[in-house]
There are 2 protein chains.
Amino acid sequence: MAGNWRKNVREIAPYVPGEQSKDADLIKLNANENPYPPSPKVQEVFRSFDAAALRRYPDANSTELRHTLAEHFGVGDNQVFLGNGSDDVLALCFQTFFCSDDPILFPDVTYSFYPVWCSLFRIPFRKVPLTADYRIDPQDYAVKNGGVILPNPNAPTGIGEGLEFVEVLLQNNPDSIVIIDEAYIDFGGTSCLPLLEKYENLVIVQTMSKSRSLAGMRVGYAIASPELIAALEAVKNSYNSYTMDMLTLDAATASVKDNAYFRETCARVIQTRERSAQTFREMGFTVLPSQTNFLLVTHPEKSAKELFEKLRAQKIFVRYFNQPRVDNHLRVTIGTDDEMDKLFEALRNIM
Amino acid sequence: MAGNWRKNVREIAPYVPGEQSKDADLIKLNANENPYPPSPKVQEVFRSFDAAALRRYPDANSTELRHTLAEHFGVGDNQVFLGNGSDDVLALCFQTFFCSDDPILFPDVTYSFYPVWCSLFRIPFRKVPLTADYRIDPQDYAVKNGGVILPNPNAPTGIGEGLEFVEVLLQNNPDSIVIIDEAYIDFGGTSCLPLLEKYENLVIVQTMSKSRSLAGMRVGYAIASPELIAALEAVKNSYNSYTMDMLTLDAATASVKDNAYFRETCARVIQTRERSAQTFREMGFTVLPSQTNFLLVTHPEKSAKELFEKLRAQKIFVRYFNQPRVDNHLRVTIGTDDEMDKLFEALRNIM
């Protein structure tokens with residue numbers, strides 16, 4: 001049947017998700033995943049879960065998990081919004097908060113999904129260049145805009161900024177929603193949570209994928225004023241009321257309640273990061289200061305692309321970005337101490 | 001801080017999800033949930049799942065579940081699309097396939113989420129009245145349109161149509177994408193799967209929430225031509241690459257592989273439905289012919305709203321629609337035989 005139906009189909013350049021591999025030999029330092037398992041309490045949830053409960057729809061309001069997170073952060077239950085990974089939360093934020101005809105602003109070197117959502121939702125945007133030393137200057141965002149989004153710490157630079165930085169950003173933008181994407185905040189960054197009381201136009205987004213080792217489970221959340229959370233809920237409930245499944249809700253709740261394990265594994269990642277940064281420097285690399293679970297490194301004499309490919313041949317995956325300003329850098333996720341030792345051994349042999 | 005940021009926030013009438021209750025005494029016949037648990041293989045998945053795997057991102061392509069479903073339906077792996085419940089799949093279909101300026105068409109009495117997605121994505125639409133006997137006349141859809149979506153069997157009528165009906169619809173709409181929402185197909189309906197070979201503009205959407213008792217797990221899927229599935233994938237990967245978590249993928253795969261259990265529980269629901277329809281008729285109700293796991297019933301003398309409220313007072317929840325054409329009907333989900341007996345006993349006492 002040759003009809004003319006193709007005219008009604010949305011054409012969009014397919015975004016290709018990052019490479020995954022099931023090879024157990026692989027040292028996988030390319031996706032900013034956590035080297036440690038989630039809290040043992042998560043395993044207990046699966047062991048004791050009664051599958052018969054699944055015949056019912058889950059709680060569309062994620063009541064228990066919201067409450068647990070609200071208590072954890074010292075905010076109201078009506079200040080927390082749950083989603084299917086922080087990508088889902090961010091996508092809903094873009095739809096809900098960036099409805100201006102003025103361009104939204106984000107850094108030129110940042111999370112690569114931001115321009116993809118702009119394209120999907122037809123949101124005008126402008127990329128603001130990082131400074132020469134790969135930092136964000138909040139004064140660059142003191143111009144007319146339809147909204148601001150940036151990660152703190154930023155990715156893939158790893159550089160984090162303090163509370164004052166975010167406050168300047170907010171003071172410069174009383175007429176915009178400002179979204180701070182704190183995906184990597186738990187590895188030593190300073191959360192802007194204390195600013196929530198003062199700024200109703202601030203949205204903080206975090207994820208359980210990295211610091212809580214729950215990438216495979218899909219949990220992200222936003223924290224903001226009750227008014228902004230209600231707006232987000234309204235859009236979410238007009239899209240898909242039941243985004244959070246029962247197992248995910250229970251597993252995430254168990255994780256948040258096990259704060260000791262959470263702090264311990266984050267501290268281990270930070271420790272390995274500092275040791276690894278030192279080793280990279282000793283090998284002649286320039287290392288950007290990181291408050292995340294990865295390092296962005298570059299070598300004055302060695303081609304990043306070549307190092308990337310030679311490591312890959314030895315089944316060590318790191319991340320190479322074929323894009324301006326970082327195309328001679330490697331982004332290396334912090335693995336276990338043992339994995340990092342193997343990486344450095346391989347690098348020494350290559351160099 | 002009194003800024004002017006509110007102008008950038010999307011205003012949308014909040015869609016309120018259906019009522020849930022944790023009361024164990026309740027007889028819950030209001031959400032078209034399955035009275036039986038999912039396949040015992042699902043429970044085994046949870047028992048044996050190693051939580052350590054969750055530190056990794058899941059397979060963005062849902063490779064194994066796609067393949068299992070493709071085999072089950074006798075289609076190619078590239079003809080299956082997975083989503084976080086069929087609401088997620090349908091929302092992505094609306095964004096991907098209904099990009100015309102002409103209104104899309106759906107019945108006036110149908111799934112209440114269709115106009116909500118139109119509002120969210122700003123898709124023009126026109127509601128096409130059902131016939132006097134609550135059926136869909138495919139000739140009513142033989143007009144210029146931007147797309148067609150309808151459930152078969154329809155909800156909340158429960159009435160299913162055959163293959164010829166869908167083929168007439170497709171023949172009348174060579175220039176539109178036609179989505180057949182088969183949420184209730186496994187309870188005796190006729191799937192239009194055989195038409196896929198002939199019509200590249202046909203999209204079939206199904207869910208594991210009802211017939212597979214996995215409402216709490218969130219799994220829906222679309223089956224269509226490779227071209228339409230690729231378009232859907234491109235939009236999905238521009239929204240959220242990782243919608244399906246690891247536990248959900250494994251549980252859904254286990255369910256599809258246990259075909260014997262699936263057929264047995266569907267048969268039990270159908271048997272209880274037929275018995276229940278007979279009892280309703282003996283009590284003086286008019287019962288629409290159902291190929292679903294619910295019955296739409298009305299009584300010539302009794303007010304549906306009054307019956308609904310009196311049942312509710314006895315902790316028996318059925319569904320009442322305060323909307324034209326069905327506002328003197330009750331939608332009753334098929335429970336266990338025991339639950340239906342209690343419903344009929346309560347109804348006899350009320351009447």
# chains A, B, ... in the order shown; residues from 1 in each chain; ligands from 1

$ residues_around --residues "range 306-310 of chain B" --least-positions-apart "4" --cutoff "8 Å" --atoms "only C-alpha atoms" --output "MDAnalysis selection string"
chainID B and resid 302 314 317:320 330 347 350

$ write_last_selection --atoms "N, CA and C atoms" --output "mmCIF file, in the first residue's frame"
data_model
loop_
_atom_site.group_PDB
_atom_site.id
_atom_site.type_symbol
_atom_site.label_atom_id
_atom_site.label_comp_id
_atom_site.auth_asym_id
_atom_site.auth_seq_id
_atom_site.Cartn_x
_atom_site.Cartn_y
_atom_site.Cartn_z
ATOM 1 N N LYS B 302 -32.420 1.479 37.897
ATOM 2 C CA LYS B 302 -31.556 1.899 39.006
ATOM 3 C C LYS B 302 -30.511 2.899 38.521
ATOM 4 N N GLN B 314 -19.811 -0.215 50.923
ATOM 5 C CA GLN B 314 -19.563 -1.591 51.381
ATOM 6 C C GLN B 314 -18.166 -2.068 50.963
ATOM 7 N N PHE B 317 -15.329 -1.480 45.126
ATOM 8 C CA PHE B 317 -15.058 -0.371 44.199
ATOM 9 C C PHE B 317 -15.288 -0.823 42.763
ATOM 10 N N VAL B 318 -16.223 -0.163 42.065
ATOM 11 C CA VAL B 318 -16.335 -0.327 40.618
ATOM 12 C C VAL B 318 -16.121 1.060 40.019
ATOM 13 N N ARG B 319 -16.233 1.205 38.684
ATOM 14 C CA ARG B 319 -15.918 2.493 38.081
ATOM 15 C C ARG B 319 -17.173 3.162 37.545
ATOM 16 N N TYR B 320 -17.338 4.421 37.926
ATOM 17 C CA TYR B 320 -18.451 5.226 37.414
ATOM 18 C C TYR B 320 -17.875 6.386 36.608
ATOM 19 N N LEU B 330 -22.062 1.316 34.753
ATOM 20 C CA LEU B 330 -20.953 0.977 35.643
ATOM 21 C C LEU B 330 -19.977 0.112 34.867
ATOM 22 N N LEU B 347 -25.062 -6.278 45.514
ATOM 23 C CA LEU B 347 -26.007 -5.633 44.597
ATOM 24 C C LEU B 347 -27.449 -6.068 44.895
ATOM 25 N N ILE B 350 -28.672 -4.215 47.863
ATOM 26 C CA ILE B 350 -28.917 -2.801 47.563
ATOM 27 C C ILE B 350 -30.216 -2.627 46.784
#

$ calpha_fit_and_write --fixed "chain B" --moving "chain A" --output "tab-separated table (two decimals) with C-alpha atoms, in the first residue's frame"
chain	number	residue	atom	x	y	z
A	1	MET	CA	12.33	36.96	45.30
A	2	ALA	CA	9.48	38.17	43.14
A	3	GLY	CA	10.61	37.52	39.57
A	4	ASN	CA	8.70	37.10	36.37
A	5	TRP	CA	9.68	33.44	35.84
A	6	ARG	CA	6.10	32.14	35.97
A	7	LYS	CA	5.52	33.16	32.35
A	8	ASN	CA	7.87	30.34	31.26
A	9	VAL	CA	6.05	27.55	33.11
A	10	ARG	CA	3.75	25.26	31.19
A	11	GLU	CA	0.16	25.53	32.41
A	12	ILE	CA	-1.83	22.37	32.00
A	13	ALA	CA	-4.92	21.06	33.75
A	14	PRO	CA	-3.57	18.34	36.01
A	15	TYR	CA	-4.75	14.88	35.01
A	16	VAL	CA	-5.62	13.06	38.23
A	17	PRO	CA	-4.66	9.37	38.26
A	18	GLY	CA	-7.31	6.85	39.33
A	19	GLU	CA	-7.97	6.07	42.94
A	20	GLN	CA	-5.75	3.49	44.64
A	21	SER	CA	-6.21	2.04	48.10
A	22	LYS	CA	-4.08	-0.11	50.36
A	23	ASP	CA	-7.08	-1.45	52.27
A	24	ALA	CA	-6.79	-5.25	52.14
A	25	ASP	CA	-10.53	-5.73	52.81
A	26	LEU	CA	-11.42	-3.89	49.66
A	27	ILE	CA	-12.90	-5.62	46.63
A	28	LYS	CA	-11.21	-3.63	43.91
A	29	LEU	CA	-13.02	-3.92	40.59
A	30	ASN	CA	-12.31	-0.39	39.34
A	31	ALA	CA	-8.95	-0.42	37.55
A	32	ASN	CA	-9.15	-3.40	35.14
A	33	GLU	CA	-6.43	-5.17	37.06
A	34	ASN	CA	-6.02	-8.94	36.86
A	35	PRO	CA	-7.28	-10.97	39.85
A	36	TYR	CA	-4.46	-13.50	39.47
A	37	PRO	CA	-0.74	-13.06	40.19
A	38	PRO	CA	1.80	-12.96	37.33
A	39	SER	CA	3.59	-16.12	36.19
A	40	PRO	CA	5.53	-17.84	39.00
A	41	LYS	CA	8.59	-17.37	36.77
A	42	VAL	CA	8.45	-13.67	37.61
A	43	GLN	CA	8.89	-14.42	41.31
A	44	GLU	CA	11.89	-16.58	40.42
A	45	VAL	CA	13.48	-13.66	38.57
A	46	PHE	CA	13.37	-11.54	41.74
A	47	ARG	CA	14.66	-14.34	43.96
A	48	SER	CA	17.69	-14.93	41.77
A	49	PHE	CA	18.48	-11.40	40.61
A	50	ASP	CA	21.94	-10.18	41.66
A	51	ALA	CA	21.48	-6.57	42.79
A	52	ALA	CA	25.16	-5.85	42.07
A	53	ALA	CA	24.26	-5.75	38.35
A	54	LEU	CA	22.27	-2.55	38.98
A	55	ARG	CA	25.42	-0.41	39.15
A	56	ARG	CA	25.49	-0.62	35.33
A	57	TYR	CA	23.06	1.04	32.92
A	58	PRO	CA	20.49	-1.38	31.48
A	59	ASP	CA	20.40	-2.45	27.83
A	60	ALA	CA	18.92	0.63	26.10
A	61	ASN	CA	17.73	-1.58	23.24
A	62	SER	CA	15.91	-4.15	25.44
A	63	THR	CA	17.46	-6.75	23.12
A	64	GLU	CA	16.37	-9.92	24.89
A	65	LEU	CA	12.80	-8.85	25.66
A	66	ARG	CA	12.35	-7.52	22.11
A	67	HIS	CA	13.56	-10.79	20.69
A	68	THR	CA	11.33	-12.84	23.00
A	69	LEU	CA	8.27	-10.78	22.03
A	70	ALA	CA	9.21	-10.87	18.33
A	71	GLU	CA	9.39	-14.67	18.45
A	72	HIS	CA	6.12	-14.84	20.37
A	73	PHE	CA	4.35	-12.78	17.70
A	74	GLY	CA	6.24	-14.11	14.68
A	75	VAL	CA	7.60	-10.71	13.65
A	76	GLY	CA	11.13	-9.33	13.30
A	77	ASP	CA	13.06	-7.96	16.28
A	78	ASN	CA	13.05	-4.60	14.46
A	79	GLN	CA	9.24	-4.57	14.55
A	80	VAL	CA	8.97	-4.37	18.34
A	81	PHE	CA	9.25	-1.25	20.51
A	82	LEU	CA	9.29	-1.35	24.33
A	83	GLY	CA	8.09	1.29	26.76
A	84	ASN	CA	7.39	2.06	30.40
A	85	GLY	CA	3.76	0.85	30.27
A	86	SER	CA	1.58	1.28	27.18
A	87	ASP	CA	0.88	4.87	28.28
A	88	ASP	CA	4.54	5.64	27.64
A	89	VAL	CA	4.38	3.84	24.28
A	90	LEU	CA	1.18	5.68	23.29
A	91	ALA	CA	2.58	9.06	24.38
A	92	LEU	CA	5.64	8.45	22.18
A	93	CYS	CA	3.36	7.33	19.31
A	94	PHE	CA	1.35	10.56	19.57
A	95	GLN	CA	4.58	12.59	19.39
A	96	THR	CA	5.99	10.52	16.52
A	97	PHE	CA	3.03	9.76	14.28
A	98	PHE	CA	0.53	12.58	14.76
A	99	CYS	CA	2.47	15.53	13.34
A	100	SER	CA	-0.21	16.71	10.92
A	101	ASP	CA	-2.18	19.96	11.12
A	102	ASP	CA	-5.35	17.98	10.39
A	103	PRO	CA	-7.19	16.66	13.44
A	104	ILE	CA	-6.62	13.08	14.54
A	105	LEU	CA	-9.76	11.00	15.07
A	106	PHE	CA	-10.85	8.81	17.97
A	107	PRO	CA	-14.21	7.71	19.44
A	108	ASP	CA	-16.18	9.98	21.78
A	109	VAL	CA	-16.39	7.17	24.31
A	110	THR	CA	-12.90	5.70	24.66
A	111	TYR	CA	-9.67	5.77	26.67
A	112	SER	CA	-9.65	9.09	28.47
A	113	PHE	CA	-5.92	9.68	28.02
A	114	TYR	CA	-6.14	10.33	24.24
A	115	PRO	CA	-7.36	13.95	24.53
A	116	VAL	CA	-4.86	14.53	27.35
A	117	TRP	CA	-1.92	13.67	25.08
A	118	CYS	CA	-3.41	15.85	22.35
A	119	SER	CA	-3.49	18.73	24.78
A	120	LEU	CA	0.07	18.08	26.01
A	121	PHE	CA	1.55	17.80	22.51
A	122	ARG	CA	-0.82	20.37	20.93
A	123	ILE	CA	-2.27	17.86	18.46
A	124	PRO	CA	-5.64	18.87	16.94
A	125	PHE	CA	-8.30	16.18	17.38
A	126	ARG	CA	-11.95	15.39	16.71
A	127	LYS	CA	-14.07	12.92	18.64
A	128	VAL	CA	-16.17	10.62	16.46
A	129	PRO	CA	-19.44	9.51	18.12
A	130	LEU	CA	-20.04	5.82	18.64
A	131	THR	CA	-23.19	4.44	17.00
A	132	ALA	CA	-26.41	4.16	19.03
A	133	ASP	CA	-25.43	0.65	20.11
A	134	TYR	CA	-21.99	1.84	21.30
A	135	ARG	CA	-20.04	0.51	18.36
A	136	ILE	CA	-17.42	2.07	16.10
A	137	ASP	CA	-18.44	2.50	12.44
A	138	PRO	CA	-15.25	2.45	10.33
A	139	GLN	CA	-16.95	4.52	7.64
A	140	ASP	CA	-17.06	7.44	10.10
A	141	TYR	CA	-13.26	7.48	9.86
A	142	ALA	CA	-13.22	7.78	6.06
A	143	VAL	CA	-12.63	11.54	6.18
A	144	LYS	CA	-9.52	13.73	5.95
A	145	ASN	CA	-7.54	13.37	9.18
A	146	GLY	CA	-4.07	13.60	10.73
A	147	GLY	CA	-4.19	10.09	12.13
A	148	VAL	CA	-6.51	7.55	13.71
A	149	ILE	CA	-6.34	5.89	17.12
A	150	LEU	CA	-8.85	3.57	18.68
A	151	PRO	CA	-8.81	0.70	21.11
A	152	ASN	CA	-9.96	-2.71	19.91
A	153	PRO	CA	-11.72	-3.96	21.96
A	154	ASN	CA	-12.85	-0.46	22.86
A	155	ALA	CA	-12.91	0.74	26.48
A	156	PRO	CA	-15.01	1.28	28.51
A	157	THR	CA	-17.57	-0.42	26.24
A	158	GLY	CA	-15.65	-3.71	26.06
A	159	ILE	CA	-16.88	-4.29	22.49
A	160	GLY	CA	-14.36	-5.87	20.11
A	161	GLU	CA	-14.36	-5.85	16.31
A	162	GLY	CA	-12.86	-8.33	13.85
A	163	LEU	CA	-10.06	-8.22	11.33
A	164	GLU	CA	-12.31	-6.95	8.55
A	165	PHE	CA	-13.22	-3.88	10.61
A	166	VAL	CA	-9.56	-2.89	11.00
A	167	GLU	CA	-8.87	-3.59	7.32
A	168	VAL	CA	-11.70	-1.27	6.22
A	169	LEU	CA	-10.26	1.38	8.53
A	170	LEU	CA	-6.83	0.96	6.93
A	171	GLN	CA	-8.19	0.97	3.40
A	172	ASN	CA	-10.00	4.21	4.15
A	173	ASN	CA	-6.83	5.78	5.58
A	174	PRO	CA	-3.83	5.24	3.28
A	175	ASP	CA	-2.49	8.72	4.16
A	176	SER	CA	-2.62	8.38	7.96
A	177	ILE	CA	-0.96	6.33	10.64
A	178	VAL	CA	-3.59	4.08	12.21
A	179	ILE	CA	-2.93	3.03	15.80
A	180	ILE	CA	-4.92	0.09	17.18
A	181	ASP	CA	-4.67	0.06	20.97
A	182	GLU	CA	-5.01	-3.62	21.88
A	183	ALA	CA	-4.71	-3.19	25.66
A	184	TYR	CA	-7.48	-5.76	26.24
A	185	ILE	CA	-6.88	-8.04	23.25
A	186	ASP	CA	-5.92	-11.17	25.23
A	187	PHE	CA	-9.39	-11.63	26.74
A	188	GLY	CA	-11.00	-12.94	23.57
A	189	GLY	CA	-10.47	-10.22	20.98
A	190	THR	CA	-9.04	-10.61	17.47
A	191	SER	CA	-5.61	-9.02	17.10
A	192	CYS	CA	-4.94	-7.24	13.81
A	193	LEU	CA	-1.38	-8.60	13.79
A	194	PRO	CA	-2.00	-10.47	10.47
A	195	LEU	CA	-2.59	-7.08	8.75
A	196	LEU	CA	0.94	-5.86	9.55
A	197	GLU	CA	2.40	-7.52	6.48
A	198	LYS	CA	0.06	-5.63	4.21
A	199	TYR	CA	-0.16	-2.20	5.88
A	200	GLU	CA	3.02	-0.28	6.66
A	201	ASN	CA	1.00	2.50	8.33
A	202	LEU	CA	-0.48	0.25	11.04
A	203	VAL	CA	0.75	0.44	14.65
A	204	ILE	CA	-0.44	-2.10	17.25
A	205	VAL	CA	0.02	-1.25	20.93
A	206	GLN	CA	-0.35	-3.81	23.70
A	207	THR	CA	0.36	-3.92	27.44
A	208	MET	CA	1.47	-6.45	30.04
A	209	SER	CA	-0.52	-4.64	32.76
A	210	LYS	CA	-3.77	-6.52	32.32
A	211	SER	CA	-3.49	-9.98	30.78
A	212	ARG	CA	-0.01	-10.61	32.21
A	213	SER	CA	-0.75	-9.19	35.69
A	214	LEU	CA	2.25	-6.84	35.50
A	215	ALA	CA	0.56	-3.45	36.09
A	216	GLY	CA	2.98	-2.82	38.96
A	217	MET	CA	5.99	-3.42	36.71
A	218	ARG	CA	5.19	-1.06	33.77
A	219	VAL	CA	5.63	-2.77	30.42
A	220	GLY	CA	3.97	-1.86	27.14
A	221	TYR	CA	5.00	-2.36	23.53
A	222	ALA	CA	4.25	-1.43	19.95
A	223	ILE	CA	4.41	-3.74	16.94
A	224	ALA	CA	4.67	-2.17	13.48
A	225	SER	CA	6.71	-1.98	10.29
A	226	PRO	CA	10.49	-1.59	10.79
A	227	GLU	CA	10.23	1.95	9.41
A	228	LEU	CA	7.68	3.10	12.00
A	229	ILE	CA	9.52	1.33	14.83
A	230	ALA	CA	12.76	3.11	13.82
A	231	ALA	CA	10.94	6.47	13.93
A	232	LEU	CA	9.61	5.64	17.39
A	233	GLU	CA	13.09	4.58	18.59
A	234	ALA	CA	14.56	7.86	17.36
A	235	VAL	CA	12.06	9.92	19.34
A	236	LYS	CA	12.40	7.69	22.42
A	237	ASN	CA	16.19	7.96	22.32
A	238	SER	CA	15.82	11.74	22.12
A	239	TYR	CA	13.69	11.66	25.28
A	240	ASN	CA	15.12	8.99	27.59
A	241	SER	CA	17.39	6.23	26.29
A	242	TYR	CA	16.99	3.99	29.31
A	243	THR	CA	13.27	3.63	30.01
A	244	MET	CA	13.31	-0.08	30.82
A	245	ASP	CA	15.06	-1.11	34.03
A	246	MET	CA	16.86	-4.45	34.43
A	247	LEU	CA	14.31	-6.09	36.75
A	248	THR	CA	11.43	-5.10	34.48
A	249	LEU	CA	13.19	-6.46	31.39
A	250	ASP	CA	13.88	-9.80	33.09
A	251	ALA	CA	10.41	-10.11	34.63
A	252	ALA	CA	8.65	-9.33	31.35
A	253	THR	CA	10.83	-11.80	29.45
A	254	ALA	CA	10.01	-14.53	31.99
A	255	SER	CA	6.30	-13.77	31.63
A	256	VAL	CA	6.29	-13.99	27.82
A	257	LYS	CA	8.17	-17.30	27.95
A	258	ASP	CA	5.50	-18.82	30.24
A	259	ASN	CA	2.76	-19.03	27.65
A	260	ALA	CA	0.85	-21.87	29.33
A	261	TYR	CA	0.27	-19.87	32.53
A	262	PHE	CA	-0.72	-16.81	30.48
A	263	ARG	CA	-3.34	-18.69	28.48
A	264	GLU	CA	-4.71	-20.39	31.57
A	265	THR	CA	-5.26	-17.18	33.57
A	266	CYS	CA	-6.78	-15.37	30.57
A	267	ALA	CA	-9.19	-18.31	30.12
A	268	ARG	CA	-10.18	-18.11	33.79
A	269	VAL	CA	-10.95	-14.39	33.51
A	270	ILE	CA	-13.03	-15.01	30.36
A	271	GLN	CA	-14.96	-17.81	32.10
A	272	THR	CA	-15.75	-15.61	35.11
A	273	ARG	CA	-16.73	-12.76	32.76
A	274	GLU	CA	-19.27	-14.91	30.91
A	275	ARG	CA	-20.74	-16.20	34.16
A	276	SER	CA	-20.89	-12.63	35.53
A	277	ALA	CA	-22.54	-11.24	32.40
A	278	GLN	CA	-25.21	-13.91	32.75
A	279	THR	CA	-25.81	-13.00	36.40
A	280	PHE	CA	-26.03	-9.28	35.60
A	281	ARG	CA	-28.64	-10.04	32.92
A	282	GLU	CA	-30.64	-12.20	35.32
A	283	MET	CA	-30.70	-9.22	37.69
A	284	GLY	CA	-32.20	-7.00	35.00
A	285	PHE	CA	-29.04	-5.24	33.83
A	286	THR	CA	-28.26	-4.55	30.20
A	287	VAL	CA	-24.75	-5.84	29.52
A	288	LEU	CA	-22.66	-4.78	26.52
A	289	PRO	CA	-20.95	-7.76	24.82
A	290	SER	CA	-17.39	-7.78	26.21
A	291	GLN	CA	-14.12	-9.14	24.85
A	292	THR	CA	-12.18	-7.60	27.74
A	293	ASN	CA	-11.62	-8.16	31.47
A	294	PHE	CA	-14.50	-5.85	32.38
A	295	LEU	CA	-18.22	-5.43	31.75
A	296	LEU	CA	-20.09	-2.22	31.05
A	297	VAL	CA	-23.56	-2.58	32.55
A	298	THR	CA	-26.62	-0.41	33.04
A	299	HIS	CA	-29.97	-0.95	34.74
A	300	PRO	CA	-33.23	0.46	33.29
A	301	GLU	CA	-34.54	1.50	36.73
A	302	LYS	CA	-31.56	1.92	39.02
A	303	SER	CA	-29.20	4.90	38.99
A	304	ALA	CA	-25.64	3.83	38.22
A	305	LYS	CA	-24.27	6.64	40.36
A	306	GLU	CA	-26.32	5.49	43.32
A	307	LEU	CA	-25.29	1.85	42.89
A	308	PHE	CA	-21.66	2.96	42.61
A	309	GLU	CA	-21.87	4.92	45.87
A	310	LYS	CA	-23.71	2.21	47.79
A	311	LEU	CA	-21.20	-0.43	46.67
A	312	ARG	CA	-18.41	1.89	47.65
A	313	ALA	CA	-19.85	2.20	51.15
A	314	GLN	CA	-19.54	-1.57	51.38
A	315	LYS	CA	-15.91	-1.41	50.24
A	316	ILE	CA	-16.64	-2.69	46.75
A	317	PHE	CA	-15.05	-0.36	44.18
A	318	VAL	CA	-16.34	-0.32	40.62
A	319	ARG	CA	-15.91	2.49	38.07
A	320	TYR	CA	-18.44	5.23	37.41
A	321	PHE	CA	-17.94	7.72	34.55
A	322	ASN	CA	-19.45	11.13	34.99
A	323	GLN	CA	-19.53	11.80	31.24
A	324	PRO	CA	-22.09	11.85	28.40
A	325	ARG	CA	-23.52	8.57	27.06
A	326	VAL	CA	-22.12	6.34	29.82
A	327	ASP	CA	-23.19	8.26	32.92
A	328	ASN	CA	-25.80	5.66	33.80
A	329	HIS	CA	-23.38	2.76	33.34
A	330	LEU	CA	-20.96	0.98	35.63
A	331	ARG	CA	-17.68	-0.50	34.46
A	332	VAL	CA	-16.99	-3.62	36.49
A	333	THR	CA	-13.58	-5.28	36.31
A	334	ILE	CA	-13.70	-9.09	36.37
A	335	GLY	CA	-12.32	-10.32	39.71
A	336	THR	CA	-12.13	-13.87	41.03
A	337	ASP	CA	-15.34	-15.90	41.12
A	338	ASP	CA	-15.47	-15.27	44.85
A	339	GLU	CA	-15.14	-11.50	44.46
A	340	MET	CA	-17.87	-11.47	41.82
A	341	ASP	CA	-20.17	-13.48	44.09
A	342	LYS	CA	-19.65	-10.89	46.84
A	343	LEU	CA	-20.41	-8.12	44.36
A	344	PHE	CA	-23.68	-9.75	43.28
A	345	GLU	CA	-24.69	-10.40	46.88
A	346	ALA	CA	-24.10	-6.74	47.73
A	347	LEU	CA	-26.01	-5.63	44.61
A	348	ARG	CA	-28.97	-7.83	45.50
A	349	ASN	CA	-29.10	-6.31	48.98
A	350	ILE	CA	-28.89	-2.78	47.58
A	351	MET	CA	-31.58	-3.37	44.93
